[in-house]
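Engineer: I'm passing along model.cif; it holds mmCIF, C-alpha atoms and all ligand atoms.
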```
data_protein
loop_
_atom_site.label_atom_id
_atom_site.label_comp_id
_atom_site.auth_asym_id
_atom_site.auth_seq_id
_atom_site.Cartn_x
_atom_site.Cartn_y
_atom_site.Cartn_z
CA MET A 1 -14.81 2.54 8.31
CA THR A 2 -16.23 1.75 11.74
CA SER A 3 -16.62 4.03 14.70
CA THR A 4 -16.57 2.92 18.32
CA THR A 5 -18.95 5.67 19.47
CA ALA A 6 -21.51 7.69 17.56
CA PRO A 7 -19.78 10.92 16.51
CA THR A 8 -21.49 14.06 17.71
CA GLY A 9 -20.89 17.79 18.04
CA ARG A 10 -19.55 20.30 15.57
CA TYR A 11 -17.66 17.70 13.53
CA GLY A 12 -20.46 15.13 13.29
CA HIS A 13 -21.09 16.02 9.63
CA LEU A 14 -17.48 15.13 8.79
CA ALA A 15 -17.97 11.60 10.07
CA ASP A 16 -21.04 11.21 7.86
CA GLN A 17 -19.22 12.54 4.83
CA VAL A 18 -16.10 10.41 5.33
CA ARG A 19 -18.31 7.37 5.76
CA SER A 20 -20.31 8.00 2.57
CA GLU A 21 -17.81 9.73 0.25
CA GLY A 22 -14.50 8.60 1.74
CA TYR A 23 -13.18 12.13 2.26
CA ALA A 24 -14.15 15.53 3.66
CA HIS A 25 -12.92 19.12 3.64
CA LEU A 26 -12.92 21.21 6.83
CA PRO A 27 -12.30 24.86 5.87
CA GLU A 28 -11.30 25.90 9.41
CA LEU A 29 -9.36 23.67 11.76
CA GLY A 30 -9.63 26.41 14.38
CA VAL A 31 -5.94 27.18 14.88
CA SER A 32 -4.40 30.64 14.62
CA ALA A 33 -2.04 31.76 11.86
CA ALA A 34 0.70 31.91 14.51
CA ASP A 35 0.05 28.30 15.53
CA LEU A 36 0.20 27.22 11.92
CA ALA A 37 3.45 29.16 11.41
CA GLU A 38 5.01 27.56 14.50
CA THR A 39 4.15 24.05 13.25
CA ARG A 40 5.50 24.89 9.84
CA ARG A 41 8.73 26.17 11.41
CA LEU A 42 9.27 22.82 13.13
CA LEU A 43 8.63 20.90 9.90
CA ASP A 44 10.85 23.27 7.93
CA GLY A 45 13.65 22.32 10.34
CA LEU A 46 13.31 18.69 9.24
CA PHE A 47 13.37 19.55 5.53
CA ASP A 48 16.38 21.83 6.12
CA ARG A 49 18.32 18.71 7.12
CA PHE A 50 16.61 16.41 4.58
CA ASP A 51 19.95 15.11 3.24
CA GLU A 52 21.20 14.27 6.73
CA LEU A 53 18.14 12.32 7.85
CA PRO A 54 18.29 8.49 7.74
CA ALA A 55 17.30 7.14 4.30
CA ASP A 56 14.26 5.38 5.79
CA LYS A 57 12.96 8.72 7.09
CA ALA A 58 13.54 11.03 4.12
CA HIS A 59 13.22 10.17 0.46
CA ASP A 60 11.88 11.23 -2.90
CA LEU A 61 8.39 9.81 -3.57
CA GLY A 62 8.36 11.21 -7.09
CA THR A 63 9.63 9.98 -10.42
CA GLY A 64 12.49 11.49 -12.36
CA GLY A 65 14.08 13.38 -9.47
CA GLN A 66 17.82 13.70 -9.15
CA PRO A 67 20.00 13.31 -6.05
CA GLY A 68 19.81 16.60 -4.18
CA ARG A 69 16.81 17.70 -6.23
CA PRO A 70 13.82 15.56 -5.20
CA THR A 71 10.50 16.29 -6.89
CA VAL A 72 8.30 14.92 -4.09
CA PRO A 73 10.45 15.08 -0.95
CA GLU A 74 8.83 13.26 1.95
CA VAL A 75 9.86 13.06 5.60
CA LEU A 76 8.38 10.14 7.56
CA ASP A 77 7.61 9.98 11.27
CA CYS A 78 8.05 13.75 11.63
CA SER A 79 6.73 13.85 15.20
CA THR A 80 9.22 11.20 16.27
CA LEU A 81 12.09 13.13 14.67
CA GLU A 82 10.76 16.43 16.05
CA PRO A 83 8.70 15.63 19.19
CA ARG A 84 7.75 19.31 19.72
CA LEU A 85 5.27 18.79 16.87
CA ARG A 86 3.12 16.87 19.37
CA ASP A 87 2.84 19.98 21.55
CA THR A 88 1.44 22.13 18.77
CA ALA A 89 -2.10 23.44 18.51
CA VAL A 90 -2.32 21.85 15.05
CA TRP A 91 -1.59 18.39 16.47
CA ALA A 92 -4.23 18.88 19.21
CA ALA A 93 -6.85 20.20 16.78
CA ALA A 94 -6.26 17.35 14.31
CA HIS A 95 -6.68 14.87 17.16
CA GLU A 96 -9.98 16.49 18.13
CA VAL A 97 -11.29 16.17 14.58
CA ALA A 98 -10.07 12.57 14.29
CA ARG A 99 -11.74 11.63 17.59
CA ALA A 100 -14.99 13.16 16.39
CA VAL A 101 -14.84 11.14 13.18
CA LEU A 102 -13.48 7.83 14.47
CA GLY A 103 -14.79 7.73 18.04
CA SER A 104 -13.19 6.84 21.35
CA GLY A 105 -9.81 5.11 21.49
CA THR A 106 -8.50 7.29 18.63
CA TYR A 107 -4.73 7.65 18.53
CA SER A 108 -2.20 8.75 15.94
CA THR A 109 -0.39 5.89 14.24
CA TYR A 110 1.98 7.76 11.97
CA ASP A 111 2.67 11.15 10.42
CA HIS A 112 4.63 12.41 7.44
CA ALA A 113 5.15 15.60 5.47
CA ILE A 114 5.55 16.34 1.78
CA TYR A 115 7.10 19.58 0.55
CA LYS A 116 6.70 19.99 -3.21
CA PRO A 117 9.10 22.52 -4.67
CA PRO A 118 7.62 25.05 -7.11
CA GLY A 119 8.04 24.23 -10.77
CA ILE A 120 9.50 20.74 -10.34
CA GLY A 121 7.11 19.43 -7.64
CA GLY A 122 5.69 16.21 -9.08
CA ARG A 123 2.46 14.28 -8.69
CA THR A 124 1.79 12.13 -5.68
CA SER A 125 0.80 8.78 -7.23
CA TRP A 126 -2.68 7.38 -6.78
CA HIS A 127 -2.82 5.04 -3.81
CA GLN A 128 -4.73 3.95 -0.75
CA ASP A 129 -3.03 4.43 2.60
CA ALA A 130 -4.11 0.85 3.25
CA GLY A 131 -1.84 -0.09 0.33
CA PHE A 132 1.16 1.03 2.40
CA ASP A 133 -0.03 -0.39 5.69
CA GLN A 134 -1.44 -3.89 5.86
CA VAL A 135 -1.80 -3.82 9.65
CA LEU A 136 -4.50 -1.20 10.11
CA ASP A 137 -7.96 -2.17 8.98
CA HIS A 138 -9.49 1.27 9.21
CA GLY A 139 -8.48 4.78 9.99
CA LEU A 140 -8.38 8.41 8.98
CA ALA A 141 -5.65 10.63 7.53
CA ILE A 142 -5.79 14.40 8.12
CA TRP A 143 -3.95 16.50 5.53
CA VAL A 144 -2.80 19.90 6.81
CA PRO A 145 -1.54 22.43 4.22
CA PHE A 146 0.53 25.45 5.28
CA GLN A 147 -0.54 27.68 2.39
CA ASP A 148 -3.62 28.15 0.28
CA THR A 149 -3.41 25.10 -1.97
CA ASP A 150 -5.27 25.20 -5.25
CA VAL A 151 -5.16 22.82 -8.21
CA VAL A 152 -2.13 24.66 -9.61
CA ASP A 153 -0.21 24.17 -6.36
CA GLY A 154 -0.87 20.43 -6.11
CA CYS A 155 -3.99 20.06 -3.97
CA MET A 156 -5.37 16.71 -2.86
CA ARG A 157 -7.33 14.61 -5.34
CA TYR A 158 -9.86 11.98 -4.33
CA VAL A 159 -11.86 9.32 -6.15
CA PRO A 160 -15.24 9.67 -4.42
CA ARG A 161 -16.60 6.49 -2.81
CA SER A 162 -13.57 4.43 -3.86
CA HIS A 163 -13.07 3.52 -0.17
CA LEU A 164 -16.12 1.27 -0.42
CA ALA A 165 -14.17 -1.18 -2.61
CA GLY A 166 -11.80 -2.22 0.21
CA ARG A 167 -8.06 -2.78 -0.08
CA MET A 168 -6.82 -2.89 -3.69
CA GLU A 169 -3.82 -4.68 -5.12
CA HIS A 170 -1.13 -2.01 -5.61
CA LEU A 171 1.59 -1.85 -8.22
CA THR A 172 5.10 -1.07 -7.05
CA ARG A 173 7.94 0.97 -8.45
CA ILE A 174 11.31 1.90 -7.05
CA GLY A 175 11.68 5.61 -6.38
CA PRO A 176 14.81 7.64 -7.17
CA GLY A 177 16.41 6.89 -3.78
CA GLY A 178 15.61 3.17 -3.90
CA LYS A 179 12.38 3.37 -1.89
CA GLU A 180 9.53 1.06 -2.93
CA VAL A 181 6.48 3.16 -3.85
CA PHE A 182 3.03 1.56 -3.97
CA HIS A 183 0.62 3.00 -6.51
CA LEU A 184 -2.56 2.44 -8.48
CA GLU A 185 -3.55 3.19 -12.04
CA VAL A 186 -6.60 5.43 -11.97
CA ASP A 187 -8.61 7.28 -14.59
CA ASP A 188 -7.98 10.95 -13.71
CA ASP A 189 -11.53 11.81 -14.80
CA SER A 190 -12.96 9.78 -11.93
CA ALA A 191 -11.26 12.05 -9.37
CA VAL A 192 -12.17 15.39 -7.80
CA ASP A 193 -9.72 18.14 -6.88
CA VAL A 194 -10.08 19.45 -3.35
CA PRO A 195 -8.41 22.85 -2.97
CA CYS A 196 -7.84 23.84 0.65
CA ARG A 197 -6.89 27.14 2.20
CA ALA A 198 -4.25 27.56 4.91
CA GLY A 199 -5.96 26.92 8.24
CA GLY A 200 -8.24 24.24 6.79
CA VAL A 201 -7.67 20.52 6.29
CA THR A 202 -8.86 17.67 4.16
CA MET A 203 -9.26 14.15 5.50
CA HIS A 204 -9.75 10.70 4.07
CA ASP A 205 -10.48 7.12 4.96
CA PHE A 206 -7.52 4.69 4.79
CA TYR A 207 -9.18 2.87 1.87
CA MET A 208 -9.75 6.03 -0.12
CA VAL A 209 -8.01 6.20 -3.49
CA HIS A 210 -6.17 9.53 -3.55
CA GLY A 211 -3.21 11.41 -4.88
CA ALA A 212 -2.13 15.02 -5.36
CA GLY A 213 -1.19 17.15 -8.32
CA GLN A 214 2.06 18.70 -9.46
CA ASN A 215 3.14 22.03 -8.05
CA HIS A 216 2.97 24.49 -10.93
CA GLY A 217 2.65 27.35 -8.43
CA GLU A 218 5.25 29.82 -7.28
CA HIS A 219 5.85 28.57 -3.76
CA THR A 220 6.77 25.33 -2.05
CA ARG A 221 3.63 23.33 -1.34
CA ARG A 222 3.99 22.26 2.29
CA ALA A 223 1.68 19.68 3.84
CA TRP A 224 1.72 17.56 7.00
CA VAL A 225 -0.36 14.40 7.17
CA ILE A 226 -1.36 12.74 10.45
CA ASP A 227 -2.86 9.25 10.41
CA PHE A 228 -5.26 8.03 13.08
CA ALA A 229 -6.82 4.72 14.04
CA THR A 230 -8.76 3.38 17.00
CA ALA A 231 -7.70 0.62 19.36
CA PRO A 232 -7.45 -0.05 23.07
CA LEU A 233 -3.96 0.37 24.51
CA HIS A 234 -2.91 -3.30 24.46
CA LYS A 235 -3.80 -3.57 20.75
CA ARG A 236 -1.77 -0.47 19.87
CA ALA A 237 1.38 -2.12 21.16
CA LEU A 238 0.63 -5.25 19.16
CA ARG A 239 0.09 -3.25 15.97
CA GLY A 240 3.33 -1.33 16.54
CA ALA A 241 5.22 -4.61 16.92
CA LYS A 242 3.64 -6.06 13.75
CA ARG A 243 4.62 -2.96 11.79
CA ALA A 244 8.18 -3.15 13.00
CA VAL A 245 8.39 -6.81 11.92
CA LEU A 246 6.86 -6.08 8.51
CA GLY A 247 8.98 -2.94 8.04
CA LEU A 248 5.88 -0.81 7.50
CA ARG A 249 5.62 2.93 7.94
CA GLY A 250 4.61 4.15 11.37
CA GLN A 251 6.68 1.44 13.00
CA ALA A 252 7.87 3.75 15.77
CA ARG A 253 4.48 3.68 17.44
O1 LIG B 301 0.53 15.65 0.10
C1 LIG B 301 0.51 14.92 -0.88
O2 LIG B 301 1.04 15.22 -1.94
C2 LIG B 301 -0.20 13.59 -0.82
C3 LIG B 301 -0.45 13.07 0.56
C4 LIG B 301 -0.90 11.65 0.51
O3 LIG B 301 -1.20 11.12 -0.51
C5 LIG B 301 -0.98 10.85 1.71
O4 LIG B 301 -0.81 11.39 2.79
O5 LIG B 301 -1.20 9.63 1.63
#
```
Translate the structure of the given file into structure tokens.
Ligand SMILES: O=C(O)CCC(=O)C(=O)O
Structural biologist:
Amino acid sequence: MTSTTAPTGRYGHLADQVRSEGYAHLPELGVSAADLAETRRLLDGLFDRFDELPADKAHDLGTGGQPGRPTVPEVLDCSTLEPRLRDTAVWAAAHEVARAVLGSGTYSTYDHAIYKPPGIGGRTSWHQDAGFDQVLDHGLAIWVPFQDTDVVDGCMRYVPRSHLAGRMEHLTRIGPGGKEVFHLEVDDDSAVDVPCRAGGVTMHDFYMVHGAGQNHGEHTRRAWVIDFATAPLHKRALRGAKRAVLGLRGQAR
């Protein structure tokens, strides 16, 4: 990962950790419980109409789900579908962290949310974000949970330093709704679990190998993920156009 300016300030340590380990955990994003609840309310609205959203915006990322009963329901481009998400304190705070890690010219390229139902919530397959997006060469994803998320609830899992290996060849499978899902085969023992409390976030480099566990907990595991990259304005437009042509996620921006 490169950075256009040397990161400084209270988040400088996160930049160092993402660079060396590929991921970091920030226990406090600095937003209030009310701000978190408001963001969650907006995302809940999208999942409430999951079945009515266009198929390219809402699908089941899991395996073995049935129509109407997805195991890893995912909504893509949430902030395009619900623009009020961009006015939230969570959005602003995530941008501040991303800017501190990536440097100037940081902008959000894409966002999505995964709500894993209790009991049936499946694993999120191992992958690199770069496996889904061949246009961006570096970037950062910030994972925002809306509840305390422990191993039992399906917290994030990372393979430390795997980002140093660059983009890997991904396998593909077709998900329950017909969506192509890119994934990697990884030895679970090489990964670390990263539990995160509500109000905190985890973050990872685009080349980081990661996944998330099943939800064996009692509540829906809600998480919103915002991706960031750096580029001057004219390059952002070019990237957006390339994504649209290639049919990649984040094509709206
Ligand atoms: O929330 C999850 O289950 C996984 C999120 C993830 O893997 C991603 O954002 O790429």
Engineer: Select, from A:His219, A:His25, A:Arg167, A:Arg123, the residue with the minimum atom-to-atom distance to ligand LIG 301 (chain B), counting only C-alpha atoms and all ligand atoms.
Structural biologist: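 Between A:His219, A:His25, A:Arg167, A:Arg123, the residue approaching ligand LIG 301 (chain B) most closely is A:Arg123.
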Engineer: Return as a PDB file with C-alpha atoms, keeping the file's coordinate frame every polymer residue, whether protein, DNA or RNA, with at least one atom no more than 7 Å from an atom of ligand LIG 301 (chain B); count all atoms listed in the file.
Structural biologist:
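Contents of part25.pdb, as written:
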```
ATOM      1  CA  ILE A 114       5.550  16.340   1.780  1.00  0.00           C
ATOM      2  CA  ARG A 123       2.460  14.280  -8.690  1.00  0.00           C
ATOM      3  CA  THR A 124       1.790  12.130  -5.680  1.00  0.00           C
ATOM      4  CA  ASP A 129      -3.030   4.430   2.600  1.00  0.00           C
ATOM      5  CA  ALA A 141      -5.650  10.630   7.530  1.00  0.00           C
ATOM      6  CA  TRP A 143      -3.950  16.500   5.530  1.00  0.00           C
ATOM      7  CA  GLY A 154      -0.870  20.430  -6.110  1.00  0.00           C
ATOM      8  CA  MET A 156      -5.370  16.710  -2.860  1.00  0.00           C
ATOM      9  CA  HIS A 210      -6.170   9.530  -3.550  1.00  0.00           C
ATOM     10  CA  GLY A 211      -3.210  11.410  -4.880  1.00  0.00           C
ATOM     11  CA  ALA A 212      -2.130  15.020  -5.360  1.00  0.00           C
ATOM     12  CA  ALA A 223       1.680  19.680   3.840  1.00  0.00           C
ATOM     13  CA  VAL A 225      -0.360  14.400   7.170  1.00  0.00           C
TER      14      VAL A 225
END
```
Engineer: Taking only C-alpha atoms into account, which of A:Ala58, A:Leu85, A:Ala98, A:Ala92 comes nearest His204 in chain A?
Structural biologist: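 Closest to His204 in chain A, using only C-alpha atoms: A:Ala98.
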Engineer: Restricting the calculation to only C-alpha atoms, which member of A:Pro160, A:Gly62, A:Gly178, A:Gly119 is positioned closest to Gly22 in chain A?
Structural biologist: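 Closest to Gly22 in chain A, using only C-alpha atoms: A:Pro160.
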Engineer: So, counting all atoms listed in the file, which residue among A:Ala100, A:His95, A:Gly200, A:Arg239 is closest to Gln134 in chain A?
Structural biologist: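 So, comparing all the options, the nearest one is A:Arg239.
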Engineer: Quick one: distance from CA of Val72 in chain A to CA of Ala89 in chain A in Å, one decimal?
Structural biologist: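 These atoms are spaced 26.3 Å apart.
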Engineer: Rounded to one decimal in Å, what is the spacing between CA of Arg49 in chain A and CA of Ile226 in chain A?
Structural biologist: 20.8 Å
Engineer: Near Cys196 in chain A, within 10 Å and counting all atoms listed in the file, which residues show up once chain neighbours fewer than 2 positions away are dropped, as a list in words?
Structural biologist: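 That gives His25, Leu26, Pro27, Glu28, Trp143, Val144, Pro145, Phe146, Gln147, Asp148, Thr149, Asp150, Val151, Cys155, Met156, Asp193, Val194, Ala198, Gly199, Gly200, Val201 and Thr202 of chain A.
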Engineer: Go through A:Arg84, A:His234, A:His170, A:Arg197 and flag the residue nearest Asp133 in chain A, using all atoms listed in the file for the distances.
Structural biologist: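 Looking only at the distances to Asp133 in chain A, the closest residue turns out to be A:His170.
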Engineer: For CA of Lys57 in chain A and CA of Ile120 in chain A, quote the distance in Å rounded to one decimal.
Structural biologist: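 Computing it gives 21.5 Å between the two atoms.
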Engineer: Would you list the residues near (7.1, 12.2, 2.1) (no more than 6 Å away, in the coordinates of the file, using only C-alpha atoms) as a list in words?
Structural biologist: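 Residues lying no farther than 6 Å from the given point: Pro73, Glu74, Val75, Leu76, His112, Ala113 and Ile114 of chain A.
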Engineer: Would you mind completing range 63-94 of chain A so that it carries N, CA and C atoms, and writing it out as a PDB file, keeping the file's coordinate frame?
Structural biologist:
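After the write, result.pdb holds the following:
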```pdb
ATOM      1  N   THR A  63       8.911  10.684  -9.355  1.00  0.00           N
ATOM      2  CA  THR A  63       9.630   9.980 -10.420  1.00  0.00           C
ATOM      3  C   THR A  63      10.519  11.025 -11.106  1.00  0.00           C
ATOM      4  N   GLY A  64      11.664  10.598 -11.550  1.00  0.00           N
ATOM      5  CA  GLY A  64      12.490  11.490 -12.360  1.00  0.00           C
ATOM      6  C   GLY A  64      13.304  12.504 -11.586  1.00  0.00           C
ATOM      7  N   GLY A  65      13.284  12.431 -10.242  1.00  0.00           N
ATOM      8  CA  GLY A  65      14.080  13.380  -9.470  1.00  0.00           C
ATOM      9  C   GLY A  65      15.559  13.014  -9.518  1.00  0.00           C
ATOM     10  N   GLN A  66      16.383  13.970  -9.173  1.00  0.00           N
ATOM     11  CA  GLN A  66      17.820  13.700  -9.150  1.00  0.00           C
ATOM     12  C   GLN A  66      18.314  13.815  -7.719  1.00  0.00           C
ATOM     13  N   PRO A  67      19.458  13.162  -7.399  1.00  0.00           N
ATOM     14  CA  PRO A  67      20.000  13.310  -6.050  1.00  0.00           C
ATOM     15  C   PRO A  67      20.163  14.798  -5.732  1.00  0.00           C
ATOM     16  N   GLY A  68      19.705  15.195  -4.573  1.00  0.00           N
ATOM     17  CA  GLY A  68      19.810  16.600  -4.180  1.00  0.00           C
ATOM     18  C   GLY A  68      18.728  17.475  -4.769  1.00  0.00           C
ATOM     19  N   ARG A  69      17.876  16.904  -5.622  1.00  0.00           N
ATOM     20  CA  ARG A  69      16.810  17.700  -6.230  1.00  0.00           C
ATOM     21  C   ARG A  69      15.510  16.872  -6.330  1.00  0.00           C
ATOM     22  N   PRO A  70      15.019  16.409  -5.179  1.00  0.00           N
ATOM     23  CA  PRO A  70      13.820  15.560  -5.200  1.00  0.00           C
ATOM     24  C   PRO A  70      12.600  16.333  -5.697  1.00  0.00           C
ATOM     25  N   THR A  71      11.707  15.625  -6.388  1.00  0.00           N
ATOM     26  CA  THR A  71      10.500  16.290  -6.890  1.00  0.00           C
ATOM     27  C   THR A  71       9.323  16.156  -5.922  1.00  0.00           C
ATOM     28  N   VAL A  72       9.336  15.083  -5.122  1.00  0.00           N
ATOM     29  CA  VAL A  72       8.300  14.920  -4.090  1.00  0.00           C
ATOM     30  C   VAL A  72       9.001  14.502  -2.788  1.00  0.00           C
ATOM     31  N   PRO A  73       9.726  15.440  -2.172  1.00  0.00           N
ATOM     32  CA  PRO A  73      10.450  15.080  -0.950  1.00  0.00           C
ATOM     33  C   PRO A  73       9.482  14.802   0.201  1.00  0.00           C
ATOM     34  N   GLU A  74       9.703  13.672   0.854  1.00  0.00           N
ATOM     35  CA  GLU A  74       8.830  13.260   1.950  1.00  0.00           C
ATOM     36  C   GLU A  74       9.664  12.939   3.179  1.00  0.00           C
ATOM     37  N   VAL A  75       9.241  13.437   4.332  1.00  0.00           N
ATOM     38  CA  VAL A  75       9.860  13.060   5.600  1.00  0.00           C
ATOM     39  C   VAL A  75       8.846  12.235   6.386  1.00  0.00           C
ATOM     40  N   LEU A  76       9.255  11.060   6.830  1.00  0.00           N
ATOM     41  CA  LEU A  76       8.380  10.140   7.560  1.00  0.00           C
ATOM     42  C   LEU A  76       8.587  10.285   9.065  1.00  0.00           C
ATOM     43  N   ASP A  77       7.536   9.971   9.799  1.00  0.00           N
ATOM     44  CA  ASP A  77       7.610   9.980  11.270  1.00  0.00           C
ATOM     45  C   ASP A  77       8.135  11.315  11.799  1.00  0.00           C
ATOM     46  N   CYS A  78       7.580  12.394  11.261  1.00  0.00           N
ATOM     47  CA  CYS A  78       8.050  13.750  11.630  1.00  0.00           C
ATOM     48  C   CYS A  78       7.989  13.980  13.147  1.00  0.00           C
ATOM     49  N   SER A  79       6.898  13.535  13.776  1.00  0.00           N
ATOM     50  CA  SER A  79       6.730  13.850  15.200  1.00  0.00           C
ATOM     51  C   SER A  79       7.629  12.998  16.086  1.00  0.00           C
ATOM     52  N   THR A  80       8.220  11.957  15.517  1.00  0.00           N
ATOM     53  CA  THR A  80       9.220  11.200  16.270  1.00  0.00           C
ATOM     54  C   THR A  80      10.574  11.914  16.128  1.00  0.00           C
ATOM     55  N   LEU A  81      10.834  12.402  14.909  1.00  0.00           N
ATOM     56  CA  LEU A  81      12.090  13.130  14.670  1.00  0.00           C
ATOM     57  C   LEU A  81      12.079  14.496  15.361  1.00  0.00           C
ATOM     58  N   GLU A  82      10.892  15.101  15.454  1.00  0.00           N
ATOM     59  CA  GLU A  82      10.760  16.430  16.050  1.00  0.00           C
ATOM     60  C   GLU A  82       9.568  16.399  17.033  1.00  0.00           C
ATOM     61  N   PRO A  83       9.806  15.865  18.251  1.00  0.00           N
ATOM     62  CA  PRO A  83       8.700  15.630  19.190  1.00  0.00           C
ATOM     63  C   PRO A  83       7.914  16.897  19.561  1.00  0.00           C
ATOM     64  N   ARG A  84       8.509  18.081  19.380  1.00  0.00           N
ATOM     65  CA  ARG A  84       7.750  19.310  19.720  1.00  0.00           C
ATOM     66  C   ARG A  84       6.515  19.460  18.835  1.00  0.00           C
ATOM     67  N   LEU A  85       6.471  18.734  17.714  1.00  0.00           N
ATOM     68  CA  LEU A  85       5.270  18.790  16.870  1.00  0.00           C
ATOM     69  C   LEU A  85       4.036  18.314  17.641  1.00  0.00           C
ATOM     70  N   ARG A  86       4.266  17.401  18.607  1.00  0.00           N
ATOM     71  CA  ARG A  86       3.120  16.870  19.370  1.00  0.00           C
ATOM     72  C   ARG A  86       2.579  17.859  20.388  1.00  0.00           C
ATOM     73  N   ASP A  87       3.317  18.945  20.609  1.00  0.00           N
ATOM     74  CA  ASP A  87       2.840  19.980  21.550  1.00  0.00           C
ATOM     75  C   ASP A  87       2.132  21.106  20.814  1.00  0.00           C
ATOM     76  N   THR A  88       2.011  21.006  19.512  1.00  0.00           N
ATOM     77  CA  THR A  88       1.440  22.130  18.770  1.00  0.00           C
ATOM     78  C   THR A  88      -0.083  22.117  18.799  1.00  0.00           C
ATOM     79  N   ALA A  89      -0.643  23.307  18.577  1.00  0.00           N
ATOM     80  CA  ALA A  89      -2.100  23.440  18.510  1.00  0.00           C
ATOM     81  C   ALA A  89      -2.657  22.668  17.317  1.00  0.00           C
ATOM     82  N   VAL A  90      -1.861  22.577  16.259  1.00  0.00           N
ATOM     83  CA  VAL A  90      -2.320  21.850  15.050  1.00  0.00           C
ATOM     84  C   VAL A  90      -2.494  20.372  15.378  1.00  0.00           C
ATOM     85  N   TRP A  91      -1.522  19.811  16.069  1.00  0.00           N
ATOM     86  CA  TRP A  91      -1.590  18.390  16.470  1.00  0.00           C
ATOM     87  C   TRP A  91      -2.846  18.153  17.321  1.00  0.00           C
ATOM     88  N   ALA A  92      -3.072  19.046  18.311  1.00  0.00           N
ATOM     89  CA  ALA A  92      -4.230  18.880  19.210  1.00  0.00           C
ATOM     90  C   ALA A  92      -5.538  19.007  18.435  1.00  0.00           C
ATOM     91  N   ALA A  93      -5.598  19.985  17.529  1.00  0.00           N
ATOM     92  CA  ALA A  93      -6.850  20.200  16.780  1.00  0.00           C
ATOM     93  C   ALA A  93      -7.120  19.031  15.834  1.00  0.00           C
ATOM     94  N   ALA A  94      -6.067  18.507  15.212  1.00  0.00           N
ATOM     95  CA  ALA A  94      -6.260  17.350  14.310  1.00  0.00           C
ATOM     96  C   ALA A  94      -6.750  16.147  15.108  1.00  0.00           C
TER      97      ALA A  94
END
```
